[in-house]
Amino acid sequence: MTQEQFMLGNEAIALGLLEAGCQVLTSYPGTPSSEILPETVKLVQAHRLETYAQWSTNEKVALDNAFAAAVAGKRAACCMKQVGLNVAADSLLSAAYIGIMGALVIISCDDPGPHSSQTEQDTRLMARLAKVPVLDPANPQEAREMARLAMQLSERYQVPVILRPGIRVCHARQNIGFGALKSVPQKASFGKDPARWAATPKFRLELHGRLNEKLDQISAHFDTLAHHNFHTLAPGRSYPLGIIAGGVPYAVVRDLLDEQKRSDVPVLKLGAPYPFPRKLADSFTAACDKVVVLEETDTLIEYLLGEREKTLGRLSGHVPRQGELVPEVIGAGLNKAFESAGLPPLTQQQDPQVQALTAGLDLAVRRPTLCPGCPHRASFYALRKGRAKTIFTSDIGCYTLGINLGGVDTCLDMGAAITMASGFYHAFAQDQVHQPIIATLGDSTFYHSGTAGLLDAVYNGARFVLVILDNEITAMTGMQPTPGLGLRADGSRGKPIPLERVVKGCGVDYLEVVDPYDIKAMQKSVKKAVAYTQTPDGGIAVIIARHPCVIAYRDRAIAVKRKVTVTEDCVACGHCRDRFECPALGIDEQSGRTGIDRQICADCGLCIQVCPKKAIVEVEQA
């Protein structure tokens, strides 16, 4: 029986994978990819499928697990965000040479903007680097279809295939009809072939040649992939300008042209841009005097076209070289191209009344901040107090917002809090300078990429304080479990791997666990740790600041609610607002003193410990 559902793009991808017979799915969470695995688990449980799904400790681990399953003949997939593919890049490039026996689909979700990423890099360029096919969906339905196509291509050509949805596909919604899902009966089987599966450089050269042959075959396939690669040229007609687009920009272009009834400009859609469908692209560009390329977020199609003189896009200045291609940006870029080709421009895209209305709203601009009651706020407050000369290295997570409290000086990538702290130590030690350094990173990040850096730092004799901010969850990306919880993706129990055991296993001698909600205890712990790093026999001191996330564990995180009020002793010094930066604290317009926003106050009572005038007190219960 067919049913229809208003699906999130990531849910549509999960559906497509299962429709294609995916038997193994692995992932490390990262926005905008985080929902794919949990939505897969929901569908697996609802349809009683035998698909195995797991949260992995990092993206390389996820890819390696899925690759092994594909080598054993299974249909496998792994998903991550675009910067996560950097972590898995070593495995990706080798997997392309070696190939598989079953199927391997890699979903890498791009973040043009970027909205929640270190970079706005383009996964299509990574696909070209790795020499694997890439598919670029324009909407959730096409993402679902391309998930199935990717599995088919991978199985047919025995090569990994990347599906690359952008954030506007991942988080869009669309009505999607689907029927019952069934498990695939394919059994695992491994045929020993060391020349392939454990290929030495000599054999890798041969495998590279085979990969190039596969890409030639897939390129010819993409020339005839009519549902995803096609153009709207009228037979025998020539045009002053044509548009080439893929992914979300294609959907925007199609809407703009349809709304304004512009049939005078043909469009070439490239939903499968690499390996490049050369014959299809050449036939389109031959019919146009100029073409404008609209693609996110870099210049894959523009480079591969090879028609520099007639191509307009990022390289010509008609399209911005950074940022998301939202409708307004695409409209402006098209009008530049239309002007170059002597065509009438698109009319104004936004209603003047709407523009006037939004301009007059006078909405307050608020910077991102940690949640009310967040234990990380207490940790950073304790770390920062009295340490103006300390270098604070930090990492990727919601705790990066510790920058607002003066507790974050650097943020490079996952795990770099430790490696940069080690690098800073050796740089200053070389000059005989005792530079205080405190590194902060979250529990999930530590499991992801902290251990290798910590092993290196201990081995090479670095000295700094490492604070692991343990809120018992992967909070920033949607509350996924960490290995410390012993909770698997499907809700079953696994073996917990406590942070304490991992830290000790890295050779650390100084380890203390403290609850940051006790700010004085946290400050004493940091003072002791700093002192240890400066003793003759000292080294790296690790503090685990452990307190449950106030979003994931609402009752346990604040077991005793402490409703507070501000007394007349308040002198409006701003310490609680500026140095502690709780969003529930603001200015009371009537009194001029600090006021409390009851709508968002979490009743954690931490501000009682922070106020230097003791003007914030607990409300006496009747």
# chains A, B, ... in the order shown; residues from 1 in each chain; ligands from 1
>>> closest_atom_pairs(of="stretch 156-261 of chain A", to="stretch 64-67 of chain A", cutoff="12 Å", atoms="only C-alpha atoms", output="JSON lines")
{"residue": "A:Gln158", "atom": "CA", "partner": "A:Phe67", "partner_atom": "CA", "distance": 11.5}
{"residue": "A:Val159", "atom": "CA", "partner": "A:Phe67", "partner_atom": "CA", "distance": 10.4}
{"residue": "A:Pro160", "atom": "CA", "partner": "A:Phe67", "partner_atom": "CA", "distance": 8.6}
{"residue": "A:Val161", "atom": "CA", "partner": "A:Phe67", "partner_atom": "CA", "distance": 11.6}
{"residue": "A:Trp197", "atom": "CA", "partner": "A:Phe67", "partner_atom": "CA", "distance": 11.2}
>>> residues_around(residues="stretch 466-480 of chain A", least_positions_apart="6", cutoff="7 Å", atoms="only C-alpha atoms", output="compact mmCIF listing (two decimals) with C-alpha atoms, in the first residue's frame")
# COMPACT_ATOMS: atom_id res chain seq x y z
CA PRO A 29 26.70 13.46 13.18
CA GLY A 30 27.23 16.89 11.69
CA THR A 31 24.76 19.53 10.50
CA SER A 34 22.61 14.57 11.25
CA HIS A 376 29.77 25.16 29.65
CA GLY A 397 31.00 22.29 19.16
CA CYS A 398 28.43 24.47 20.88
CA ILE A 438 44.18 25.91 28.64
CA ALA A 439 42.52 23.73 25.99
CA THR A 440 38.80 23.00 25.92
CA LEU A 441 36.86 20.47 23.87
CA GLY A 442 33.69 18.44 24.25
CA ASP A 443 33.24 14.80 25.14
CA SER A 444 32.08 13.77 21.65
CA ALA A 541 46.66 18.10 33.55
CA VAL A 542 43.20 16.94 32.49
CA ILE A 543 39.97 18.14 34.08
CA ILE A 544 36.67 16.53 33.12
CA ALA A 545 33.99 19.17 33.70
CA ARG A 546 30.96 16.91 33.90
CA HIS A 547 27.37 18.11 34.04
CA PRO A 548 24.40 16.96 31.91
CA CYS A 549 23.22 19.10 28.98
CA ALA A 552 19.04 16.67 26.56
>>> closest_residue(among="A:Ala281, A:Cys78, A:Val433, A:Val526", to="A:Val513", atoms="only C-alpha atoms")
A:Val526
>>> select_by_dssp(residues="stretch 533-591 of chain A", states="strand (DSSP E)", output="ChimeraX atom specification")
/A:541-546,564-566,585-587
>>> residues_around(residues="stretch 309-319 of chain A", least_positions_apart="5", cutoff="12 Å", atoms="only C-alpha atoms", output="PyMOL selection string")
chain A and resi 240-245+249+285-304+324-326+328-341
>>> write_last_selection(atoms="N, CA and C atoms", output="compact mmCIF listing (two decimals), in the first residue's frame")
# COMPACT_ATOMS: atom_id res chain seq x y z
N PRO A 240 21.44 33.59 -27.68
CA PRO A 240 22.50 34.49 -27.21
C PRO A 240 23.04 34.09 -25.84
N LEU A 241 22.22 33.40 -25.03
CA LEU A 241 22.65 33.03 -23.67
C LEU A 241 21.94 31.75 -23.24
N GLY A 242 22.67 30.87 -22.59
CA GLY A 242 22.10 29.69 -21.96
C GLY A 242 22.53 29.63 -20.51
N ILE A 243 21.77 28.89 -19.69
CA ILE A 243 22.07 28.76 -18.26
C ILE A 243 22.41 27.30 -17.97
N ILE A 244 23.51 27.08 -17.26
CA ILE A 244 23.90 25.75 -16.79
C ILE A 244 23.84 25.77 -15.27
N ALA A 245 23.10 24.84 -14.69
CA ALA A 245 22.93 24.83 -13.23
C ALA A 245 22.77 23.40 -12.73
N PRO A 249 20.75 25.54 -6.94
CA PRO A 249 20.66 26.66 -7.90
C PRO A 249 19.77 26.34 -9.10
N THR A 285 26.51 24.08 -25.18
CA THR A 285 27.30 25.30 -25.35
C THR A 285 27.44 25.67 -26.83
N ALA A 286 27.41 24.67 -27.73
CA ALA A 286 27.52 24.96 -29.16
C ALA A 286 26.32 25.77 -29.66
N ALA A 287 25.17 25.61 -29.00
CA ALA A 287 23.95 26.30 -29.43
C ALA A 287 23.81 27.68 -28.80
N CYS A 288 24.75 28.07 -27.92
CA CYS A 288 24.64 29.34 -27.19
C CYS A 288 25.89 30.20 -27.44
N ASP A 289 25.67 31.49 -27.63
CA ASP A 289 26.80 32.41 -27.76
C ASP A 289 27.55 32.55 -26.43
N LYS A 290 26.78 32.60 -25.35
CA LYS A 290 27.34 32.68 -23.99
C LYS A 290 26.56 31.72 -23.09
N VAL A 291 27.23 31.25 -22.05
CA VAL A 291 26.52 30.46 -21.03
C VAL A 291 26.89 31.02 -19.66
N VAL A 292 25.93 31.03 -18.74
CA VAL A 292 26.21 31.44 -17.37
C VAL A 292 26.05 30.21 -16.48
N VAL A 293 27.03 29.96 -15.63
CA VAL A 293 27.04 28.77 -14.78
C VAL A 293 26.65 29.17 -13.35
N LEU A 294 25.64 28.49 -12.83
CA LEU A 294 25.19 28.71 -11.45
C LEU A 294 25.33 27.40 -10.69
N GLU A 295 26.28 27.36 -9.78
CA GLU A 295 26.57 26.15 -9.02
C GLU A 295 27.06 26.52 -7.64
N GLU A 296 26.83 25.64 -6.68
CA GLU A 296 27.33 25.85 -5.31
C GLU A 296 28.31 24.74 -4.98
N THR A 297 29.38 25.10 -4.26
CA THR A 297 29.74 26.45 -3.86
C THR A 297 31.02 26.90 -4.56
N ASP A 298 31.49 26.09 -5.50
CA ASP A 298 32.72 26.43 -6.18
C ASP A 298 32.54 26.29 -7.69
N THR A 299 33.61 26.00 -8.41
CA THR A 299 33.59 26.13 -9.87
C THR A 299 33.90 24.82 -10.58
N LEU A 300 33.29 23.73 -10.21
CA LEU A 300 33.53 22.45 -10.87
C LEU A 300 33.07 22.49 -12.33
N ILE A 301 31.79 22.79 -12.56
CA ILE A 301 31.25 22.82 -13.93
C ILE A 301 31.95 23.89 -14.76
N GLU A 302 32.15 25.05 -14.15
CA GLU A 302 32.77 26.16 -14.87
C GLU A 302 34.17 25.79 -15.37
N TYR A 303 34.93 25.06 -14.56
CA TYR A 303 36.26 24.63 -14.98
C TYR A 303 36.19 23.54 -16.05
N LEU A 304 35.27 22.58 -15.83
CA LEU A 304 35.23 21.43 -16.73
C LEU A 304 34.65 21.76 -18.10
N GLU A 324 26.15 31.62 -0.02
CA GLU A 324 25.06 30.80 -0.55
C GLU A 324 24.37 31.51 -1.71
N LEU A 325 24.02 30.75 -2.74
CA LEU A 325 23.31 31.32 -3.89
C LEU A 325 21.81 31.32 -3.61
N VAL A 326 21.38 32.25 -2.80
CA VAL A 326 19.96 32.42 -2.49
C VAL A 326 19.29 33.05 -3.70
N GLU A 328 17.85 35.87 -4.39
CA GLU A 328 18.21 37.24 -4.70
C GLU A 328 19.58 37.31 -5.39
N VAL A 329 20.51 36.48 -4.92
CA VAL A 329 21.86 36.46 -5.50
C VAL A 329 21.81 35.89 -6.91
N ILE A 330 21.05 34.82 -7.09
CA ILE A 330 20.93 34.22 -8.42
C ILE A 330 20.25 35.19 -9.39
N GLY A 331 19.22 35.86 -8.91
CA GLY A 331 18.53 36.84 -9.76
C GLY A 331 19.46 37.94 -10.21
N ALA A 332 20.29 38.45 -9.29
CA ALA A 332 21.24 39.51 -9.63
C ALA A 332 22.29 39.00 -10.62
N GLY A 333 22.76 37.76 -10.42
CA GLY A 333 23.74 37.19 -11.32
C GLY A 333 23.18 36.98 -12.72
N LEU A 334 21.92 36.52 -12.77
CA LEU A 334 21.29 36.33 -14.08
C LEU A 334 21.12 37.66 -14.81
N ASN A 335 20.74 38.68 -14.07
CA ASN A 335 20.56 39.98 -14.72
C ASN A 335 21.87 40.54 -15.27
N LYS A 336 22.97 40.28 -14.57
CA LYS A 336 24.27 40.68 -15.10
C LYS A 336 24.55 39.94 -16.41
N ALA A 337 24.25 38.63 -16.41
CA ALA A 337 24.49 37.83 -17.61
C ALA A 337 23.55 38.24 -18.74
N PHE A 338 22.28 38.53 -18.40
CA PHE A 338 21.32 38.97 -19.42
C PHE A 338 21.79 40.28 -20.05
N GLU A 339 22.31 41.18 -19.22
CA GLU A 339 22.81 42.45 -19.74
C GLU A 339 23.98 42.22 -20.69
N SER A 340 24.87 41.30 -20.32
CA SER A 340 26.02 41.00 -21.19
C SER A 340 25.58 40.44 -22.53
N ALA A 341 24.46 39.70 -22.53
CA ALA A 341 23.97 39.07 -23.76
C ALA A 341 22.94 39.91 -24.49
